[in-house]
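Engineer: Just passing along the structure, written as structure tokens.
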Amino acid sequence: MKINIPFESLVYPDDKNTKAVVVSNEDFSTFNSDLLNLGNLNTGGKRVEGISAVFDLDGFTNFCNQMEPHLVVPRFLKEFLSWILKKIAQTHLIVKRENTFEGKKALYSRLPIFCKFLGDGLLMIWDTDDMSEIEMGNVVCILKDVAESYANDFLPFINKKFVNVPEKLRCGIARGSIVQLGDGNDYVGPSINLASRLQKVPPSFTFAFSARGFDKDFFAEYEFKKYQMIKIEVRGIKGNEELVYVLKSEINTLSPKMKAQIQIL
């Protein structure tokens, strides 16, 4: 959202030490909720069953604190956002069947219905109505591959263009109800809140998804073996304790002291 209301400075005639900012009555009236472009909020929000995923660039604040950030931050974001959207699309694609459907693409799962830049990451939402369990499991696997690809593929490339770039891309995933606001230009709901919390699961996990709404049968056996269920407290979530899947490979890198901080099931 960009707000562009023209104004001018004016000194009050009766007090030379006081200044005011003046805008036209017409421009002043434009400062209202319509600027948010959410559409008609007078009607009830449409309830959608979906998968919410929140990506977070770990260390982005530090990256923005470097000298002359205006010269590098937009360029970095252009590279990152172009890369992650392309990577998600390509990872959905069933390459071996690319030429099977003339003029069409075969995908492991449908693409997200919503994507929003959050300042240091992204929110993405998949509509799970009519989505098979296998499709939902494929979304998790796709996002896991994307998160891992950041360190393995994107980071070596981007380190040649910038310094002190975020070294990790965190991802939290949750399934549940969300509410479409207005014309579908934004969404709210507990699954979005949970996903945002899970992208920073302590002590140092970079990928996590809620066990609520996902089952072993959603995944191929070889894929499900990559995950481990743990029980953790999630601040700000009703009931606090959540069953969460994380990567076994990340558990194996933890020190004994850090492993003692989590409850492995």
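Ordered as shown in the structure tokens, chains take letters A, B, and onward, while each chain numbers its residues from 1 and ligands are numbered from 1 in the order shown.
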As a list in words, please: the residues near segment 257-261 of chain A (cut-off 10 Å, only C-alpha atoms, same-chain neighbours under 2 positions excluded).
Structural biologist: Pro202, Pro203, Ser204, Ile232, Ile251, Asn252, Thr253, Leu254, Ser255, Gln263 and Ile264 of chain A
Engineer: Could you write those residues out with all heavy atoms, as an mmCIF file, in the first residue's frame?
Structural biologist:
```cif
data_model
loop_
_atom_site.group_PDB
_atom_site.id
_atom_site.type_symbol
_atom_site.label_atom_id
_atom_site.label_comp_id
_atom_site.auth_asym_id
_atom_site.auth_seq_id
_atom_site.Cartn_x
_atom_site.Cartn_y
_atom_site.Cartn_z
ATOM 1 N N PRO A 202 12.177 -23.062 18.529
ATOM 2 C CA PRO A 202 13.459 -23.239 19.215
ATOM 3 C C PRO A 202 13.801 -24.723 19.322
ATOM 4 O O PRO A 202 12.908 -25.575 19.254
ATOM 5 C CB PRO A 202 13.194 -22.617 20.591
ATOM 6 C CG PRO A 202 11.718 -22.777 20.802
ATOM 7 C CD PRO A 202 11.095 -22.649 19.437
ATOM 8 N N PRO A 203 15.100 -25.073 19.455
ATOM 9 C CA PRO A 203 16.181 -24.104 19.624
ATOM 10 C C PRO A 203 16.731 -23.523 18.331
ATOM 11 O O PRO A 203 17.200 -22.400 18.304
ATOM 12 C CB PRO A 203 17.252 -24.909 20.349
ATOM 13 C CG PRO A 203 17.010 -26.318 19.908
ATOM 14 C CD PRO A 203 15.531 -26.453 19.737
ATOM 15 N N SER A 204 16.685 -24.278 17.217
ATOM 16 C CA SER A 204 17.272 -23.717 15.986
ATOM 17 C C SER A 204 16.724 -24.377 14.724
ATOM 18 O O SER A 204 17.423 -24.482 13.724
ATOM 19 C CB SER A 204 18.802 -23.873 16.014
ATOM 20 O OG SER A 204 19.164 -25.240 16.096
ATOM 21 N N ILE A 232 6.227 -29.156 21.695
ATOM 22 C CA ILE A 232 6.840 -27.900 22.100
ATOM 23 C C ILE A 232 5.775 -26.935 22.615
ATOM 24 O O ILE A 232 4.581 -27.124 22.362
ATOM 25 C CB ILE A 232 7.592 -27.222 20.934
ATOM 26 C CG1 ILE A 232 6.622 -26.931 19.778
ATOM 27 C CG2 ILE A 232 8.772 -28.060 20.473
ATOM 28 C CD1 ILE A 232 7.201 -26.055 18.703
ATOM 29 N N ILE A 251 17.557 -32.266 13.855
ATOM 30 C CA ILE A 251 17.671 -32.791 15.220
ATOM 31 C C ILE A 251 19.048 -33.398 15.429
ATOM 32 O O ILE A 251 19.675 -33.223 16.477
ATOM 33 C CB ILE A 251 16.575 -33.837 15.503
ATOM 34 C CG1 ILE A 251 15.209 -33.158 15.582
ATOM 35 C CG2 ILE A 251 16.862 -34.587 16.801
ATOM 36 C CD1 ILE A 251 14.059 -34.114 15.860
ATOM 37 N N ASN A 252 19.545 -34.098 14.421
ATOM 38 C CA ASN A 252 20.842 -34.777 14.540
ATOM 39 C C ASN A 252 22.009 -33.811 14.697
ATOM 40 O O ASN A 252 23.078 -34.204 15.168
ATOM 41 C CB ASN A 252 21.075 -35.670 13.317
ATOM 42 C CG ASN A 252 20.094 -36.833 13.260
ATOM 43 O OD1 ASN A 252 19.552 -37.247 14.281
ATOM 44 N ND2 ASN A 252 19.860 -37.353 12.067
ATOM 45 N N THR A 253 21.825 -32.567 14.294
ATOM 46 C CA THR A 253 22.915 -31.587 14.416
ATOM 47 C C THR A 253 22.911 -30.867 15.765
ATOM 48 O O THR A 253 23.839 -30.113 16.056
ATOM 49 C CB THR A 253 22.807 -30.525 13.301
ATOM 50 O OG1 THR A 253 21.583 -29.803 13.444
ATOM 51 C CG2 THR A 253 22.865 -31.178 11.927
ATOM 52 N N LEU A 254 21.887 -31.108 16.587
ATOM 53 C CA LEU A 254 21.787 -30.433 17.879
ATOM 54 C C LEU A 254 22.755 -31.029 18.895
ATOM 55 O O LEU A 254 23.015 -32.241 18.893
ATOM 56 C CB LEU A 254 20.357 -30.527 18.424
ATOM 57 C CG LEU A 254 19.243 -29.870 17.611
ATOM 58 C CD1 LEU A 254 17.897 -30.118 18.288
ATOM 59 C CD2 LEU A 254 19.492 -28.384 17.446
ATOM 60 N N SER A 255 23.245 -30.211 19.761
ATOM 61 C CA SER A 255 24.078 -30.691 20.869
ATOM 62 C C SER A 255 23.180 -31.381 21.895
ATOM 63 O O SER A 255 21.959 -31.160 21.920
ATOM 64 C CB SER A 255 24.788 -29.508 21.534
ATOM 65 O OG SER A 255 23.852 -28.658 22.160
ATOM 66 N N GLN A 263 11.045 -32.087 23.487
ATOM 67 C CA GLN A 263 10.473 -33.394 23.821
ATOM 68 C C GLN A 263 10.254 -34.161 22.531
ATOM 69 O O GLN A 263 9.311 -33.907 21.781
ATOM 70 C CB GLN A 263 9.156 -33.227 24.588
ATOM 71 C CG GLN A 263 8.585 -34.535 25.099
ATOM 72 C CD GLN A 263 7.357 -34.315 25.963
ATOM 73 O OE1 GLN A 263 7.040 -33.206 26.366
ATOM 74 N NE2 GLN A 263 6.642 -35.405 26.240
ATOM 75 N N ILE A 264 11.138 -35.120 22.269
ATOM 76 C CA ILE A 264 11.054 -35.928 21.054
ATOM 77 C C ILE A 264 10.107 -37.095 21.287
ATOM 78 O O ILE A 264 10.243 -37.819 22.273
ATOM 79 C CB ILE A 264 12.455 -36.432 20.649
ATOM 80 C CG1 ILE A 264 13.393 -35.253 20.403
ATOM 81 C CG2 ILE A 264 12.358 -37.295 19.391
ATOM 82 C CD1 ILE A 264 14.824 -35.654 20.100
#
```
Engineer: Please identify all polymer residues within 12 Å of Asp34 of chain A, counting only C-alpha atoms, omitting same-chain residues fewer than 5 positions from it, and present them as a list in words.
Structural biologist: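 Contacts, with the query itself left out: Met1, Lys2, Ile3, Ser29, Gly39, Asn40, Leu41 and Gly182 of chain A.
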Engineer: Only C-alpha atoms, please: the residues just picked out, written as a tab-separated table (two decimals), in the first residue's frame.
Structural biologist:
```tsv
chain	number	residue	atom	x	y	z
A	1	MET	CA	0.00	0.00	0.00
A	2	LYS	CA	1.39	3.35	-1.03
A	3	ILE	CA	-0.12	6.57	0.31
A	29	SER	CA	-10.97	12.61	2.84
A	39	GLY	CA	-12.72	-4.61	-0.63
A	40	ASN	CA	-16.17	-4.71	0.99
A	41	LEU	CA	-15.78	-5.46	4.71
A	182	GLY	CA	-13.34	-8.34	1.53
```
Engineer: Write out as a PyMOL selection string all residues of segment 130-229 of chain A that backbone DSSP assigns to helix (DSSP H, G or I).
Structural biologist: chain A and resi 133-158+190-198+216-218+221-224
Engineer: Which of these, A:Asn159, A:Ser177, A:Gln90, A:Thr61, has the shortest distance to Arg47 of chain A once you count only C-alpha atoms?
Structural biologist: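 Using only C-alpha atoms, Arg47 of chain A sits closest to A:Ser177.
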Engineer: Pick the closest to Glu133 of chain A from A:Tyr222, A:Phe214, A:Phe60, A:Tyr227: which is it, counting only C-alpha atoms?
Structural biologist: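 Smallest distance to Glu133 of chain A is found for A:Phe214.
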Engineer: So which residues touch Leu81 of chain A within 12 Å, counting only C-alpha atoms, skipping near sequence neighbours fewer than 6 positions away, as a ChimeraX atom specification?
Structural biologist: /A:55-57,73-75,87-88,115-122,150,154
Engineer: Can you list, as a count of residues only, all residues belonging to segment 129-186 of chain A that DSSP tags as strand (DSSP E or B)?
Structural biologist: 15
Engineer: I'd like to know which of A:Ile158, A:Ile134, A:Ala151, A:Val165 is closest to Asp217 of chain A, using only C-alpha atoms.
Structural biologist: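 Counting only C-alpha atoms, the residue closest to Asp217 of chain A is A:Ile134.
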Engineer: Using only C-alpha atoms, which protein or nucleic acid residues come within 6 Å of Gln199 of chain A? Drop anything in the same chain fewer than 3 positions from it, and give the result as a ChimeraX atom specification.
Structural biologist: /A:170-172,196
Engineer: Which is closer to Ile178 of chain A than all the others in A:Asn138, A:Phe114, A:Pro256, A:Ser249, using only C-alpha atoms?
Structural biologist: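 Going through A:Asn138, A:Phe114, A:Pro256, A:Ser249 one by one, the smallest distance to Ile178 of chain A is for A:Phe114.
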Engineer: Atom CA of Asp127 of chain A and atom CA of Pro112 of chain A, how far apart in Å?
Structural biologist: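 Straight-line distance from atom CA of Pro112 of chain A to atom CA of Asp127 of chain A works out to 7.1 Å.
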Engineer: Report, in Å with one decimal, the straight-line distance from atom CA of Val201 of chain A to atom CA of Asn164 of chain A.
Structural biologist: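 Spanning atom CA of Val201 of chain A to atom CA of Asn164 of chain A is a straight-line distance of 23.0 Å.
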Engineer: Near Ile192 of chain A, counting only C-alpha atoms, which residues have an atom at most 12 Å away, once you skip same-chain residues fewer than 5 positions from it, shown as an MDAnalysis selection string?
Structural biologist: chainID A and resid 49:55 116 122:126 172:180 186:187 197:199 209:210 237
Engineer: Nearest to Val48 of chain A: which of A:Leu181, A:Lys78, A:Ser24, A:Glu221 is it, counting only C-alpha atoms?
Structural biologist: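 Answer, going by the shortest atom-to-atom distance: A:Leu181.
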Engineer: I need the residue nearest Val21 of chain A from this list: A:Ile5, A:Leu36, A:Ile113, A:Phe219. Use only C-alpha atoms for the distance.
Structural biologist: A:Ile5
